[in-house]
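Before any comments, here is the structure.
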Amino acid sequence: FLHRFCWLPTWPIMLLLLLLQFLALLAGSTNSGCSYEAVAELRSKVVQENYDPALMTGLWYEHIYIDPAQIGASCQTLNVTFDAGTNTLNTDFSVLYGSQPFTIVEHYAPEDSSKKGVYKKYVDIPFGIPGGSLVTLPTAVVIAELSPDGSRYDSMVLSSCYSLLVTTIEELVVFSRKPSMDEQRLRALLKAVREQGGNFREADLQHVDHSKCPSMAAAHDVQGAAGILFQ
């Protein structure tokens, strides 16, 4: 999560965050609480056996997250492209901080070709600052559910972790292809995550309301105007 705060324009803050990234990298080698093996264990059997990264491409809407970096953010979306040559997912993670849009490029590179859905996550640090690829977060596709026609994944759950000194931070995010997701469906996904070994507190779950996002608000305005015209 540390990378995402680099949009802040204050250089002392930026330098502090880069230092924290370096400490996280050093601590990661000694803290067994966060590892590729640990996140790999969270994957569903379907992901372990049949996961196809090419079906991840396209726009995703975030619905639930546990991620300190997203404090103050809203309208989170993820736009995914797939590099077949490297089997890497390249994504634009876009949010609003207040009314200000912010996008950061995140990469998911395979950690081990024999482990489907397990990635090394890293970012392109804004403003051309080098070193983003030096700090990688173990990340796994915990759940990936196919659309009815099997042409793409319609919902997914990702889990990442990082070690900061003696503390292990675990992230969890739930996405779907639509701006809203039925609460019952969300509960079913979270229940499945727990059954697969996910350990999170209900109180830590943060919900995303896309109905108040600019694109959705514009759509509602158009629909409202159309309704008035045809009354």
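Residues in the structure tokens are named by chain (A, B, ... in the order shown) and by number from 1 within that chain; ligands are numbered from 1 in the order shown.
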key: For segment 85-89 of chain A: contacts at 8 Å, only C-alpha atoms, fewer than 6 positions along chain excluded, given as a ChimeraX atom specification   = /A:53,107-110
A:Ile143, A:Leu186, A:Val80, A:Cys75 ranked by distance to Ser94 of chain A, top pick (using only C-alpha atoms) = A:Cys75
message = Counting only C-alpha atoms, which residue out of A:Ser176, A:Thr136, A:Gln70, A:Ser113 sits closest to Met56 of chain A?
response =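 Once distances to Met56 of chain A are computed over only C-alpha atoms, the minimum belongs to A:Ser176.
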message = Residues within 6 Å of segment 157-169 of chain A, please, as a ChimeraX atom specification. Count only C-alpha atoms; anything in the same chain fewer than 3 positions from it doesn't count.
response = /A:24,27-28,33-34,137-143,172-174
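Nearest residue to Ala203 of chain A among A:Ala188, A:Ile66, A:Val135, A:Val123 is A:Ile66, counting only C-alpha atoms.
For the residues A:Met156, A:Ile71, A:Ala84, A:Leu59, ranking by smallest atom-to-atom distance to Arg185 of chain A using only C-alpha atoms places A:Met156 first.
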query = Please, which residues of segment 25-118 of chain A, numbered as in this document, come out helix (DSSP H, G or I) from DSSP, as a list in words?
reply =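 Result set for segment 25-118 of chain A (helix (DSSP H, G or I)): Leu25, Leu26, Ala27, Gly28, Tyr36, Glu37, Ala38, Val39, Ala40, Lys45, Val46, Val47, Gln48, Glu49, Asn50, Pro53, Ala54, Leu55, Met56, Pro68, Ala69 and Gln70 of chain A.
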